[in-house]
>>> print(open('run29.cif').read())   # mmCIF, C-alpha atoms
data_upload
loop_
_atom_site.label_atom_id
_atom_site.label_comp_id
_atom_site.auth_asym_id
_atom_site.auth_seq_id
_atom_site.Cartn_x
_atom_site.Cartn_y
_atom_site.Cartn_z
CA MET X 90 25.82 72.44 63.31
CA GLY X 91 24.70 68.86 62.83
CA VAL X 92 26.42 65.65 63.73
CA PRO X 93 28.28 64.03 60.80
CA ALA X 94 26.64 60.91 59.33
CA GLY X 95 29.74 58.84 60.13
CA ILE X 96 29.24 59.44 63.84
CA TRP X 97 25.65 58.15 63.60
CA TRP X 98 26.79 54.99 61.79
CA LEU X 99 29.53 54.44 64.35
CA THR X 100 27.00 54.83 67.17
CA ILE X 101 24.61 52.34 65.57
CA ALA X 102 27.45 49.87 64.96
CA LEU X 103 28.58 50.14 68.59
CA ILE X 104 25.06 49.54 69.90
CA VAL X 105 24.59 46.49 67.66
CA GLY X 106 28.03 45.25 68.73
CA LEU X 107 27.16 45.63 72.42
CA LEU X 108 23.88 43.77 71.94
CA ALA X 109 25.68 40.97 70.09
CA PHE X 110 28.37 40.80 72.79
CA ASP X 111 25.75 40.70 75.54
CA PHE X 112 23.80 37.97 73.76
CA VAL X 113 26.78 35.78 72.84
CA PHE X 114 28.83 36.02 76.02
CA HIS X 115 26.32 36.78 78.74
CA VAL X 116 23.05 34.99 78.07
CA ARG X 117 24.44 31.97 76.29
CA LYS X 118 24.00 29.85 79.42
CA ALA X 119 20.90 30.29 81.53
CA HIS X 120 21.90 30.93 85.15
CA ILE X 121 21.01 33.00 88.15
CA PRO X 122 23.54 35.84 88.28
CA SER X 123 25.27 36.58 91.54
CA LEU X 124 25.25 40.04 93.08
CA LYS X 125 28.91 40.40 92.08
CA GLU X 126 28.21 39.49 88.45
CA ALA X 127 25.23 41.87 88.30
CA GLY X 128 27.38 44.65 89.77
CA ILE X 129 30.14 44.07 87.24
CA TRP X 130 27.72 44.12 84.29
CA SER X 131 26.00 47.24 85.64
CA ALA X 132 29.32 49.03 86.17
CA LEU X 133 30.41 48.06 82.65
CA TYR X 134 27.30 49.44 80.99
CA ILE X 135 27.24 52.59 83.12
CA GLY X 136 30.91 53.16 82.24
CA ILE X 137 30.12 52.76 78.54
CA ALA X 138 27.24 55.25 78.89
CA ILE X 139 29.54 57.77 80.56
CA LEU X 140 32.18 57.36 77.82
CA PHE X 141 29.46 57.79 75.21
CA GLY X 142 28.35 60.96 76.99
CA PHE X 143 31.86 62.37 76.82
CA ALA X 144 31.94 61.54 73.09
CA VAL X 145 28.64 63.40 72.66
CA LEU X 146 30.15 66.30 74.58
CA LEU X 147 33.27 66.26 72.39
CA PHE X 148 31.60 65.82 68.99
CA GLY X 149 28.22 67.45 69.60
CA GLY X 150 29.19 70.36 71.78
CA THR X 151 28.35 71.47 75.29
CA ASP X 152 24.60 71.75 74.77
CA MET X 153 24.24 68.22 73.40
CA GLY X 154 26.52 66.81 76.08
CA VAL X 155 24.59 68.45 78.89
CA GLU X 156 21.29 67.28 77.37
CA TYR X 157 22.61 63.71 77.14
CA PHE X 158 23.80 63.59 80.76
CA ALA X 159 20.61 65.29 82.02
CA GLY X 160 18.52 62.70 80.19
CA TYR X 161 20.70 59.82 81.35
CA ILE X 162 20.52 60.87 84.99
CA THR X 163 16.77 61.44 84.72
CA GLU X 164 16.24 57.95 83.29
CA LYS X 165 18.53 56.33 85.85
#
>>> encode(input="run29.cif", output="structure tokens")
Amino acid sequence: MGVPAGIWWLTIALIVGLLAFDFVFHVRKAHIPSLKEAGIWSALYIGIAILFGFAVLLFGGTDMGVEYFAGYITEK
């Protein structure tokens, strides 16, 4: 069973949206980020990755979800 094309387009749109958000709101002004700011951004992106993993688990099945989380943890 494959993943529907609409899910792929939604994933690509979300990634492009996150990149645009990061560029427009985060790096618009050059500054040295504080530890608090870095922690907040890290927590935000890790939270998004975990939500994405649950979506993979829901739409792709157990095998795909486990593979995603195994890969994510390995890369982290």
>>> axis_aligned_box(input="run29.cif", around="segment 123-130 of chain X", padding_each_side="3 Å", output="lines of an AutoDock Vina configuration file")
center_x = 27.7
center_y = 40.6
center_z = 88.7
size_x = 10.9
size_y = 14.1
size_z = 14.8
>>> closest_residue(input="run29.cif", among="X:Ile162, X:Ile121, X:Ile104, X:Val116", to="Ile139 of chain X", atoms="all atoms listed in the file")
X:Ile162
>>> residues_around(input="run29.cif", residues="segment 108-115 of chain X", least_positions_apart="3", cutoff="12 Å", atoms="only C-alpha atoms", output="short mmCIF file (atom, residue, chain, number, x, y, z; two decimals) with C-alpha atoms, keeping the file's coordinate frame")
data_model
loop_
_atom_site.label_atom_id
_atom_site.label_comp_id
_atom_site.auth_asym_id
_atom_site.auth_seq_id
_atom_site.Cartn_x
_atom_site.Cartn_y
_atom_site.Cartn_z
CA ILE X 101 24.61 52.34 65.57
CA ALA X 102 27.45 49.87 64.96
CA LEU X 103 28.58 50.14 68.59
CA ILE X 104 25.06 49.54 69.90
CA VAL X 105 24.59 46.49 67.66
CA LYS X 118 24.00 29.85 79.42
CA ALA X 119 20.90 30.29 81.53
CA HIS X 120 21.90 30.93 85.15
CA ILE X 121 21.01 33.00 88.15
CA PRO X 122 23.54 35.84 88.28
CA GLU X 126 28.21 39.49 88.45
CA ALA X 127 25.23 41.87 88.30
CA ILE X 129 30.14 44.07 87.24
CA TRP X 130 27.72 44.12 84.29
CA LEU X 133 30.41 48.06 82.65
CA TYR X 134 27.30 49.44 80.99
#
>>> closest_residue(input="run29.cif", among="X:Gly160, X:Gly136, X:Gly149, X:Gly128", to="Pro93 of chain X", atoms="only C-alpha atoms")
X:Gly149
>>> atom_distance(input="run29.cif", atom1="atom CA of Ala144 of chain X", atom2="atom CA of Leu107 of chain X")
16.6 Å
>>> atom_distance(input="run29.cif", atom1="atom CA of Gly150 of chain X", atom2="atom CA of Ala94 of chain X")
15.8 Å
>>> atom_distance(input="run29.cif", atom1="atom CA of Ile135 of chain X", atom2="atom CA of Lys165 of chain X")
9.9 Å
>>> closest_residue(input="run29.cif", among="X:Thr100, X:Gly95, X:Arg117, X:Glu156", to="Ile137 of chain X", atoms="all atoms listed in the file")
X:Thr100
